[in-house]
$ cat coords_36.cif   # mmCIF, C-alpha atoms (C1' of nucleotides)
data_coords
loop_
_atom_site.label_atom_id
_atom_site.label_comp_id
_atom_site.auth_asym_id
_atom_site.auth_seq_id
_atom_site.Cartn_x
_atom_site.Cartn_y
_atom_site.Cartn_z
CA MET A 1143 5.15 34.73 -17.02
CA SER A 1144 2.11 34.68 -14.78
CA SER A 1145 2.10 35.88 -11.19
CA PRO A 1146 3.63 33.83 -8.37
CA ARG A 1147 0.22 33.13 -6.92
CA GLU A 1148 -0.92 31.84 -10.29
CA ARG A 1149 2.16 29.72 -10.75
CA ILE A 1150 1.75 28.20 -7.31
CA LEU A 1151 -1.84 27.24 -8.04
CA GLU A 1152 -0.91 25.80 -11.40
CA GLN A 1153 1.81 23.59 -10.00
CA ALA A 1154 -0.26 22.61 -6.97
CA SER A 1155 -3.03 21.52 -9.32
CA ILE A 1156 -0.68 19.29 -11.24
CA LEU A 1157 1.09 17.87 -8.21
CA PHE A 1158 -1.88 17.39 -5.89
CA HIS A 1159 -3.73 15.69 -8.67
CA HIS A 1160 -0.90 13.40 -9.70
CA GLN A 1161 0.88 12.64 -6.45
CA GLY A 1162 -1.83 13.25 -3.90
CA TYR A 1163 -2.12 15.93 -1.24
CA ASN A 1164 -0.03 14.51 1.58
CA SER A 1165 2.67 13.28 -0.75
CA THR A 1166 3.22 16.71 -2.22
CA GLY A 1167 5.30 19.13 -0.17
CA ILE A 1168 5.36 22.90 -0.21
CA ASN A 1169 9.02 22.79 -1.18
CA GLN A 1170 8.32 20.87 -4.36
CA ILE A 1171 5.47 23.17 -5.26
CA ILE A 1172 7.48 26.37 -4.88
CA SER A 1173 10.51 24.87 -6.53
CA GLU A 1174 8.59 23.83 -9.63
CA ALA A 1175 6.61 27.05 -9.62
CA ASN A 1176 9.82 29.10 -9.34
CA VAL A 1177 8.55 30.98 -6.35
CA ALA A 1178 10.25 31.81 -3.08
CA LYS A 1179 8.93 30.29 0.09
CA ALA A 1180 8.26 33.68 1.64
CA SER A 1181 6.16 34.53 -1.38
CA PHE A 1182 4.17 31.39 -0.91
CA TYR A 1183 3.27 32.32 2.64
CA GLN A 1184 2.39 35.81 1.54
CA HIS A 1185 -0.39 34.39 -0.61
CA PHE A 1186 -1.49 31.38 1.40
CA LYS A 1187 -1.56 31.18 5.13
CA SER A 1188 -1.07 27.41 5.18
CA LYS A 1189 -0.92 24.32 3.00
CA ASP A 1190 -4.54 23.56 3.86
CA ASP A 1191 -5.41 27.05 2.72
CA LEU A 1192 -3.78 26.32 -0.62
CA CYS A 1193 -5.71 23.06 -0.77
CA VAL A 1194 -9.02 24.87 -0.39
CA GLU A 1195 -8.04 27.29 -3.13
CA PHE A 1196 -6.93 24.43 -5.36
CA LEU A 1197 -10.23 22.62 -4.89
CA ASN A 1198 -12.21 25.77 -5.60
CA ARG A 1199 -10.31 26.18 -8.85
CA ARG A 1200 -10.65 22.54 -9.70
CA HIS A 1201 -14.37 22.79 -9.10
CA GLN A 1202 -14.66 25.67 -11.54
CA TYR A 1203 -12.42 24.03 -14.13
CA TRP A 1204 -14.07 20.65 -13.91
CA PHE A 1205 -17.65 21.93 -14.10
CA ASP A 1206 -16.84 24.23 -16.98
CA ALA A 1207 -15.35 21.28 -18.82
CA LEU A 1208 -18.35 19.10 -18.02
CA SER A 1209 -20.81 21.77 -19.14
CA ASP A 1210 -18.87 22.30 -22.31
CA PHE A 1211 -18.64 18.62 -23.06
CA THR A 1212 -22.28 17.80 -22.37
CA SER A 1213 -23.84 20.82 -24.01
CA LYS A 1214 -23.03 19.56 -27.49
CA THR A 1215 -26.49 18.04 -27.47
CA GLU A 1216 -29.82 19.50 -26.42
CA ASN A 1217 -31.57 16.33 -25.38
CA PRO A 1218 -31.35 15.88 -21.58
CA LYS A 1219 -30.99 12.10 -21.84
CA GLU A 1220 -28.21 12.47 -24.36
CA ARG A 1221 -26.55 14.92 -22.02
CA ILE A 1222 -26.62 12.45 -19.17
CA LEU A 1223 -25.03 9.79 -21.32
CA SER A 1224 -22.39 12.18 -22.59
CA ALA A 1225 -21.48 12.93 -18.98
CA PHE A 1226 -20.17 9.37 -18.85
CA ASP A 1227 -18.19 9.98 -22.01
CA PHE A 1228 -16.77 12.95 -20.17
CA ILE A 1229 -15.34 10.58 -17.55
CA ILE A 1230 -13.57 8.68 -20.31
CA HIS A 1231 -12.37 11.94 -21.76
CA MET A 1232 -10.93 12.99 -18.43
CA ASN A 1233 -9.40 9.58 -17.74
CA ASP A 1234 -7.57 9.85 -21.06
CA ARG A 1235 -6.42 13.36 -20.29
CA GLU A 1236 -5.40 12.65 -16.70
CA ASN A 1237 -4.28 9.06 -16.78
CA PHE A 1238 -6.93 7.56 -14.50
CA ARG A 1239 -6.15 9.71 -11.51
CA GLY A 1240 -9.81 9.72 -10.49
CA CYS A 1241 -11.59 12.50 -8.68
CA SER A 1242 -9.40 15.06 -6.89
CA PHE A 1243 -12.15 15.68 -4.38
CA LEU A 1244 -12.61 12.05 -3.40
CA ASN A 1245 -8.88 11.46 -3.39
CA ILE A 1246 -8.34 14.28 -0.95
CA LEU A 1247 -11.31 13.14 1.11
CA SER A 1248 -9.40 9.94 1.79
CA GLU A 1249 -6.35 11.86 2.91
CA ILE A 1250 -7.77 14.36 5.35
CA SER A 1251 -8.72 14.01 8.99
CA LYS A 1252 -11.94 15.09 10.66
CA GLU A 1253 -10.20 18.27 11.82
CA GLN A 1254 -9.70 19.62 8.30
CA GLU A 1255 -13.28 20.86 8.07
CA SER A 1256 -12.74 23.67 5.60
CA ILE A 1257 -11.43 21.17 3.05
CA LEU A 1258 -14.29 18.76 3.73
CA ARG A 1259 -16.84 21.49 3.12
CA VAL A 1260 -15.46 22.25 -0.35
CA ILE A 1261 -15.62 18.58 -1.25
CA GLN A 1262 -19.19 18.25 -0.01
CA SER A 1263 -20.32 21.29 -1.89
CA HIS A 1264 -18.68 20.08 -5.10
CA LYS A 1265 -20.53 16.79 -4.91
CA ASN A 1266 -23.76 18.54 -4.07
CA ASP A 1267 -23.43 20.57 -7.23
CA LEU A 1268 -22.84 17.43 -9.24
CA ARG A 1269 -26.02 15.94 -7.86
CA VAL A 1270 -27.92 19.09 -8.76
CA PHE A 1271 -26.47 18.85 -12.26
CA PHE A 1272 -28.16 15.50 -12.80
CA ARG A 1273 -31.34 16.53 -11.06
CA GLN A 1274 -31.75 19.38 -13.53
CA LEU A 1275 -31.55 16.88 -16.35
CA VAL A 1276 -34.04 14.30 -15.13
CA ASN A 1277 -36.41 16.17 -12.86
CA ASN A 1278 -36.87 13.15 -10.64
CA GLU A 1279 -35.19 13.10 -7.27
CA LEU A 1280 -34.55 9.39 -6.89
CA LEU A 1281 -33.53 8.83 -10.49
CA ALA A 1282 -31.11 11.74 -10.28
CA THR A 1283 -29.54 10.20 -7.20
CA HIS A 1284 -29.38 6.88 -8.96
CA ILE A 1285 -27.48 8.35 -11.89
CA TYR A 1286 -25.27 10.37 -9.57
CA LEU A 1287 -24.27 7.26 -7.65
CA LEU A 1288 -23.45 5.38 -10.84
CA PHE A 1289 -21.47 8.34 -12.07
CA GLU A 1290 -19.45 8.45 -8.87
CA SER A 1291 -18.58 4.78 -8.88
CA ALA A 1292 -17.77 4.90 -12.59
CA ILE A 1293 -15.04 7.40 -11.80
CA ILE A 1294 -13.68 5.42 -8.89
CA GLU A 1295 -13.76 1.99 -10.47
CA SER A 1296 -12.08 3.21 -13.63
CA GLN A 1297 -9.38 4.72 -11.45
CA LEU A 1298 -8.98 1.47 -9.55
CA PHE A 1299 -8.72 -0.76 -12.61
CA GLU A 1300 -7.17 1.85 -14.86
CA SER A 1301 -9.73 1.06 -17.52
CA ASN A 1302 -12.74 2.70 -19.12
CA GLU A 1303 -14.55 -0.60 -19.47
CA ILE A 1304 -16.60 -0.01 -16.34
CA VAL A 1305 -17.53 3.47 -17.53
CA ASP A 1306 -19.03 2.03 -20.68
CA LYS A 1307 -20.89 -0.50 -18.60
CA SER A 1308 -22.22 2.24 -16.34
CA LYS A 1309 -23.31 4.14 -19.39
CA SER A 1310 -25.35 1.26 -20.74
CA ILE A 1311 -26.87 0.71 -17.31
CA VAL A 1312 -27.90 4.36 -17.23
CA LYS A 1313 -29.26 4.10 -20.75
CA ASN A 1314 -31.65 1.46 -19.49
CA ILE A 1315 -32.96 3.39 -16.52
CA ILE A 1316 -33.59 6.82 -18.06
CA MET B 232 -0.31 -10.62 25.54
CA SER B 233 -0.23 -11.54 21.86
CA SER B 234 2.94 -11.69 19.79
CA PRO B 235 4.70 -8.54 18.58
CA ARG B 236 3.69 -9.27 15.00
CA GLU B 237 0.08 -9.56 16.08
CA ARG B 238 0.23 -6.39 18.12
CA ILE B 239 1.75 -4.49 15.21
CA LEU B 240 -1.01 -5.62 12.87
CA GLU B 241 -3.68 -4.76 15.40
CA GLN B 242 -2.43 -1.24 15.91
CA ALA B 243 -1.75 -0.73 12.22
CA SER B 244 -5.34 -1.73 11.50
CA ILE B 245 -6.67 0.83 13.91
CA LEU B 246 -4.31 3.62 12.88
CA PHE B 247 -4.35 3.12 9.11
CA HIS B 248 -8.10 2.97 9.18
CA HIS B 249 -8.57 6.02 11.35
CA GLN B 250 -5.72 8.31 10.33
CA GLY B 251 -4.93 7.08 6.85
CA TYR B 252 -1.86 5.33 5.54
CA ASN B 253 0.51 8.20 4.86
CA SER B 254 -0.46 10.02 8.04
CA THR B 255 0.47 7.06 10.21
CA GLY B 256 4.15 6.55 10.95
CA ILE B 257 6.03 3.42 11.88
CA ASN B 258 7.08 5.07 15.13
CA GLN B 259 3.51 5.58 16.25
CA ILE B 260 2.59 2.03 15.36
CA ILE B 261 5.43 0.42 17.30
CA SER B 262 5.00 2.78 20.20
CA GLU B 263 1.31 1.96 20.60
CA ALA B 264 1.93 -1.72 19.94
CA ASN B 265 4.71 -1.79 22.54
CA VAL B 266 7.16 -3.29 20.10
CA ALA B 267 10.77 -2.39 19.42
CA LYS B 268 11.66 -1.00 16.06
CA ALA B 269 14.11 -3.80 15.35
CA SER B 270 11.30 -6.26 15.99
CA PHE B 271 9.11 -4.48 13.51
CA TYR B 272 11.68 -4.82 10.76
CA GLN B 273 12.16 -8.45 11.64
CA HIS B 274 8.55 -9.14 10.72
CA PHE B 275 7.98 -6.65 7.91
CA LYS B 276 10.54 -5.60 5.39
CA SER B 277 8.95 -2.21 4.83
CA LYS B 278 5.94 -0.08 5.63
CA ASP B 279 4.41 -1.02 2.29
CA ASP B 280 4.88 -4.65 3.22
CA LEU B 281 2.92 -4.04 6.41
CA CYS B 282 0.26 -2.29 4.35
CA VAL B 283 -0.19 -5.34 2.13
CA GLU B 284 -0.49 -7.55 5.20
CA PHE B 285 -2.96 -5.15 6.78
CA LEU B 286 -5.13 -5.14 3.66
CA ASN B 287 -5.06 -8.93 3.44
CA ARG B 288 -6.26 -9.11 7.03
CA ARG B 289 -8.84 -6.43 6.48
CA HIS B 290 -10.10 -8.32 3.46
CA GLN B 291 -10.58 -11.46 5.52
CA TYR B 292 -12.17 -9.61 8.42
CA TRP B 293 -14.47 -7.55 6.27
CA PHE B 294 -15.72 -10.42 4.14
CA ASP B 295 -16.27 -12.63 7.14
CA ALA B 296 -18.33 -9.88 8.72
CA LEU B 297 -20.29 -9.35 5.50
CA SER B 298 -20.98 -13.06 5.10
CA ASP B 299 -22.05 -13.30 8.68
CA PHE B 300 -24.30 -10.29 8.44
CA THR B 301 -25.98 -11.25 5.18
CA SER B 302 -26.42 -14.93 5.85
CA LYS B 303 -29.17 -14.32 8.38
CA THR B 304 -31.59 -14.76 5.53
CA GLU B 305 -31.72 -17.38 2.77
CA ASN B 306 -33.39 -15.33 0.08
CA PRO B 307 -30.78 -13.92 -2.34
CA LYS B 308 -32.66 -10.66 -2.83
CA GLU B 309 -32.93 -10.21 0.91
CA ARG B 310 -29.23 -10.86 1.18
CA ILE B 311 -28.42 -8.15 -1.31
CA LEU B 312 -30.53 -5.67 0.59
CA SER B 313 -28.98 -6.65 3.89
CA ALA B 314 -25.56 -5.96 2.39
CA PHE B 315 -26.59 -2.32 2.39
CA ASP B 316 -27.61 -2.61 6.01
CA PHE B 317 -24.12 -3.93 6.55
CA ILE B 318 -22.71 -0.62 5.32
CA ILE B 319 -24.79 1.18 7.94
CA HIS B 320 -23.62 -1.30 10.53
CA MET B 321 -20.00 -0.67 9.66
CA ASN B 322 -20.45 3.10 9.49
CA ASP B 323 -21.81 2.99 13.02
CA ARG B 324 -18.96 0.81 14.18
CA GLU B 325 -16.23 2.77 12.43
CA ASN B 326 -17.53 6.31 12.44
CA PHE B 327 -17.91 6.78 8.68
CA ARG B 328 -14.31 6.09 7.82
CA GLY B 329 -15.35 4.52 4.52
CA CYS B 330 -13.52 1.75 2.74
CA SER B 331 -9.91 1.11 3.76
CA PHE B 332 -9.14 -0.14 0.29
CA LEU B 333 -10.46 2.88 -1.55
CA ASN B 334 -8.93 5.23 1.00
CA ILE B 335 -5.51 3.73 0.48
CA LEU B 336 -6.04 3.70 -3.29
CA SER B 337 -6.20 7.48 -3.12
CA GLU B 338 -2.95 7.65 -1.19
CA ILE B 339 -0.64 5.43 -3.21
CA SER B 340 1.34 6.13 -6.34
CA LYS B 341 1.51 4.04 -9.48
CA GLU B 342 4.76 2.52 -8.23
CA GLN B 343 3.14 0.78 -5.25
CA GLU B 344 1.84 -2.05 -7.39
CA SER B 345 1.70 -4.73 -4.72
CA ILE B 346 -0.72 -2.61 -2.71
CA LEU B 347 -2.81 -1.85 -5.79
CA ARG B 348 -3.15 -5.53 -6.59
CA VAL B 349 -4.59 -6.31 -3.15
CA ILE B 350 -7.14 -3.54 -3.55
CA GLN B 351 -8.14 -4.73 -7.01
CA SER B 352 -8.55 -8.28 -5.89
CA HIS B 353 -10.65 -7.23 -2.91
CA LYS B 354 -13.04 -5.35 -5.15
CA ASN B 355 -13.14 -8.20 -7.62
CA ASP B 356 -14.25 -10.49 -4.83
CA LEU B 357 -16.96 -8.07 -3.85
CA ARG B 358 -18.24 -8.06 -7.40
CA VAL B 359 -18.27 -11.84 -7.42
CA PHE B 360 -20.21 -11.77 -4.16
CA PHE B 361 -23.07 -9.94 -5.84
CA ARG B 362 -22.85 -11.96 -9.01
CA GLN B 363 -23.42 -15.12 -7.01
CA LEU B 364 -26.60 -13.62 -5.64
CA VAL B 365 -28.19 -12.39 -8.85
CA ASN B 366 -26.78 -14.59 -11.60
CA ASN B 367 -26.91 -11.75 -14.10
CA GLU B 368 -23.69 -10.06 -15.08
CA LEU B 369 -24.94 -6.56 -15.76
CA LEU B 370 -27.32 -6.45 -12.82
CA ALA B 371 -24.56 -7.63 -10.51
CA THR B 372 -22.32 -4.85 -11.74
CA HIS B 373 -25.16 -2.40 -11.29
CA ILE B 374 -25.61 -3.40 -7.66
CA TYR B 375 -21.88 -3.45 -7.08
CA LEU B 376 -21.55 0.11 -8.35
CA LEU B 377 -24.39 1.33 -6.15
CA PHE B 378 -22.84 -0.46 -3.20
CA GLU B 379 -19.49 1.21 -3.79
CA SER B 380 -20.90 4.69 -4.04
CA ALA B 381 -23.12 4.11 -1.02
CA ILE B 382 -19.98 3.57 1.04
CA ILE B 383 -18.19 6.59 -0.35
CA GLU B 384 -21.09 9.03 -0.21
CA SER B 385 -21.94 8.08 3.35
CA GLN B 386 -18.29 8.67 4.24
CA LEU B 387 -18.34 12.05 2.53
CA PHE B 388 -21.53 13.30 4.16
CA GLU B 389 -21.11 11.34 7.37
CA SER B 390 -24.66 10.11 7.07
CA ASN B 391 -26.48 6.86 6.33
CA GLU B 392 -29.23 8.64 4.45
CA ILE B 393 -27.68 7.89 1.08
CA VAL B 394 -27.27 4.23 2.02
CA ASP B 395 -30.99 3.95 2.63
CA LYS B 396 -31.64 5.64 -0.67
CA SER B 397 -29.30 3.24 -2.43
CA LYS B 398 -31.08 0.38 -0.79
CA SER B 399 -34.47 1.46 -2.07
CA ILE B 400 -33.02 1.98 -5.53
CA VAL B 401 -31.65 -1.56 -5.44
CA LYS B 402 -34.99 -2.85 -4.22
CA ASN B 403 -36.55 -1.53 -7.39
CA ILE B 404 -34.08 -3.08 -9.79
CA ILE B 405 -33.80 -6.62 -8.41
"C1'" DA C 504 13.84 60.36 -9.11
"C1'" DA C 505 12.08 58.64 -4.51
"C1'" DT C 506 9.09 55.82 -2.25
"C1'" DT C 507 6.43 51.81 -1.57
"C1'" DA C 508 5.24 47.17 -2.54
"C1'" DA C 509 6.23 42.61 -4.00
"C1'" DA C 510 9.33 39.00 -4.97
"C1'" DT C 511 13.67 36.90 -4.42
"C1'" DA C 512 17.20 33.33 -2.14
"C1'" DG C 513 17.96 30.61 1.30
"C1'" DA C 514 19.14 29.83 6.27
"C1'" DC C 515 16.84 28.11 10.14
"C1'" DA C 516 13.79 25.80 13.78
"C1'" DG C 517 11.68 21.93 15.29
"C1'" DA C 518 9.44 18.21 14.31
"C1'" DC C 519 8.68 14.43 11.62
"C1'" DT C 520 9.76 10.26 8.30
"C1'" DT C 521 11.69 5.26 7.17
"C1'" DG C 522 15.06 2.21 7.94
"C1'" DT C 523 19.69 0.42 10.10
"C1'" DC C 524 22.38 -0.62 13.75
"C1'" DT C 525 24.44 -2.04 18.41
"C1'" DG C 526 24.14 -4.22 22.50
"C1'" DT C 527 21.31 -6.34 26.06
"C1'" DA C 528 17.68 -9.15 27.97
"C1'" DT C 529 14.22 -12.52 27.72
"C1'" DT C 530 12.30 -16.82 26.23
"C1'" DA C 531 12.28 -21.55 24.07
"C1'" DT C 532 14.46 -25.59 22.73
"C1'" DT C 533 17.76 -29.15 22.95
"C1'" DA D 227 22.30 -26.18 32.10
"C1'" DA D 228 23.79 -24.53 27.41
"C1'" DT D 229 22.44 -23.06 23.12
"C1'" DA D 230 19.68 -20.56 19.81
"C1'" DA D 231 16.06 -17.58 18.63
"C1'" DT D 232 13.44 -13.69 19.53
"C1'" DA D 233 12.47 -9.22 21.54
"C1'" DC D 234 14.01 -5.40 23.78
"C1'" DA D 235 15.62 -0.08 24.12
"C1'" DG D 236 17.11 3.41 21.79
"C1'" DA D 237 20.80 5.89 19.18
"C1'" DC D 238 21.62 7.12 14.59
"C1'" DA D 239 21.53 8.32 9.46
"C1'" DA D 240 19.66 10.81 5.96
"C1'" DG D 241 16.09 12.62 4.62
"C1'" DT D 242 11.43 14.80 4.77
"C1'" DC D 243 7.96 18.11 6.40
"C1'" DT D 244 5.69 23.02 7.51
"C1'" DG D 245 6.40 27.43 8.67
"C1'" DT D 246 9.37 31.71 10.09
"C1'" DC D 247 12.82 34.74 9.33
"C1'" DT D 248 16.46 37.98 7.39
"C1'" DA D 249 18.30 40.43 3.90
"C1'" DT D 250 18.49 41.64 -0.90
"C1'" DT D 251 16.63 42.71 -5.38
"C1'" DT D 252 13.18 43.86 -8.67
"C1'" DA D 253 9.05 46.28 -10.12
"C1'" DA D 254 5.30 49.64 -9.79
"C1'" DT D 255 3.53 53.93 -8.29
"C1'" DT D 256 3.60 58.63 -6.90
#

$ encode --input "coords_36.cif" --output "structure tokens"
Amino acid sequence: MSSPRERILEQASILFHHQGYNSTGINQIISEANVAKASFYQHFKSKDDLCVEFLNRRHQYWFDALSDFTSKTENPKERILSAFDFIIHMNDRENFRGCSFLNILSEISKEQESILRVIQSHKNDLRVFFRQLVNNELLATHIYLLFESAIIESQLFESNEIVDKSKSIVKNII
Amino acid sequence: MSSPRERILEQASILFHHQGYNSTGINQIISEANVAKASFYQHFKSKDDLCVEFLNRRHQYWFDALSDFTSKTENPKERILSAFDFIIHMNDRENFRGCSFLNILSEISKEQESILRVIQSHKNDLRVFFRQLVNNELLATHIYLLFESAIIESQLFESNEIVDKSKSIVKNII
DNA sequence: AATTAAATAGACAGACTTGTCTGTATTATT
DNA sequence: AATAATACAGACAAGTCTGTCTATTTAATT
């Protein structure tokens, strides 16, 4: 069995992503991770601290998965379009739970700056991802915005229909 | 002074919008609305029930404000562009708190269906709003998606820069 | 084998949550 | 003026929350 710290992060990933941040308590996390509470506070100084760590991990995991998924083709335009297939892929895997970063954004207050910064930097990286594929500032932003709303709208309506629509819109503008 | 029910809804609007749904308790609402707890439960059978009522009100308020704001011009294309100015207007008024509907979407679970339905129907209406202005299904969706992400990204970065960018993107596609 | 480090269980504090309840006071209607 | 409806204050239940603490056990290192 993996280390307590690892088990905490694993369970937090599952629970934060499926139930939301505020609706998931430390007690549930440690109980399902089979870790004592004192051990939890040995590794994380607060719940917000765990949240930051979770988001950092999620960032790594998500970008690795995106890179993997989109690098099946060499053509930059094909890669952009496959990024939208990646949304569908993730929706299937995660039951339309949307973007962890945007979900948590809606839950935090202005005081939780350290969490906000991780979210901002994640989205910045996503924007850079598209910019590297189109080499045109405004077009990259355009695609980025459509990508973002494709995630959210598919979460809202629990359907990939809008992702396909976004994809064909993008096909027309690149 | 207005009725207890009215005062509850007023305070709930302010608090849900500024602190989020899960972070706002019944006790705070009734305390700031100067209403007894028994009175609260005479008008609303649960917190979720209040949430539905709040969203219905917000829907009305928000659409009235949008209609008002965009109807200063007759030209449909001008109206679409002014809808993006409306985002800036609301961001200024509400300190980049984003969309109440999408914020609450991130906070609820799959069980809270009545809340989800109100959110879905609000967004459907927004889509119809654009479709009435462009009379082209795919283009309307395109604008709708850019509008949605303009709200979210300006919330995330607490800046209207991305709204202006969205606006110029829309200018080029209509 | 002895020492140090890490993990355990779980009690506890203090504050919060939603929702129910009792009893009283105010207001509106007949 | 008497009745009925509404609102009031606030205790209470039963649970949640984060975070601290003690005391014990397991594991790793010297």

$ resolve_selection --input "coords_36.cif" --expression "the PyMOL selection byres ((chain C and resi 515-530) around 7)" --output "ChimeraX atom specification"
/C:514,531 /D:234,242-243

$ closest_atom_pairs --input "coords_36.cif" --of "chain B" --to "chain A" --cutoff "6 Å" --atoms "only C-alpha atoms" --output "tab-separated table"
residue	atom	partner	partner_atom	distance
B:Asn334	CA	A:Ser1248	CA	4.8
B:Ser337	CA	A:Asn1245	CA	4.8
B:Leu376	CA	A:Ser1291	CA	5.6
B:Ser380	CA	A:Ser1291	CA	5.4

$ atom_distance --input "coords_36.cif" --atom1 "atom C1' of D:DA237" --atom2 "atom CA of B:Ile260"
19.0 Å

$ atom_distance --input "coords_36.cif" --atom1 "atom CA of B:Phe285" --atom2 "atom CA of B:Glu241"
8.7 Å

$ closest_residue --input "coords_36.cif" --among "B:Leu286, B:Ala371, B:Ala269, B:Val349" --to "chain D" --atoms "only C-alpha atoms (C1' of nucleotides)"
B:Ala269

$ atom_distance --input "coords_36.cif" --atom1 "atom C1' of D:DT244" --atom2 "atom CA of A:Ser1188"
8.4 Å

$ closest_atom_pairs --input "coords_36.cif" --of "chain B" --to "chain C" --cutoff "12 Å" --atoms "only C-alpha atoms (C1' of nucleotides)" --output "tab-separated table"
residue	atom	partner	partner_atom	distance
B:Asn253	CA	C:DT520	C1'	10.1
B:Ser254	CA	C:DT520	C1'	10.2
B:Thr255	CA	C:DT520	C1'	10.0
B:Gly256	CA	C:DT520	C1'	7.2
B:Ile257	CA	C:DT521	C1'	7.6
B:Asn258	CA	C:DT520	C1'	9.0
B:Gln259	CA	C:DT520	C1'	11.1
B:Lys268	CA	C:DG522	C1'	9.4
B:Ala269	CA	C:DT523	C1'	8.7
B:Phe271	CA	C:DG522	C1'	10.5
B:Tyr272	CA	C:DG522	C1'	8.3
B:Gln273	CA	C:DG522	C1'	11.7
B:Phe275	CA	C:DG522	C1'	11.3
B:Lys276	CA	C:DG522	C1'	9.4
B:Ser277	CA	C:DG522	C1'	8.2
B:Lys278	CA	C:DT521	C1'	8.0
B:Asp279	CA	C:DT521	C1'	10.8

$ resolve_selection --input "coords_36.cif" --expression "the PyMOL selection byres ((chain D) within 10 of (chain B))" --output "list of chain:residue names"
D:DT232, D:DA233, D:DC234, D:DA235, D:DG236

$ axis_aligned_box --input "coords_36.cif" --around "stretch 245-256 of chain D" --padding-each-side "4 Å" --output "AutoDock Vina command-line options"
--center_x 11.0 --center_y 43.0 --center_z 0.0 --size_x 23.0 --size_y 39.2 --size_z 28.2
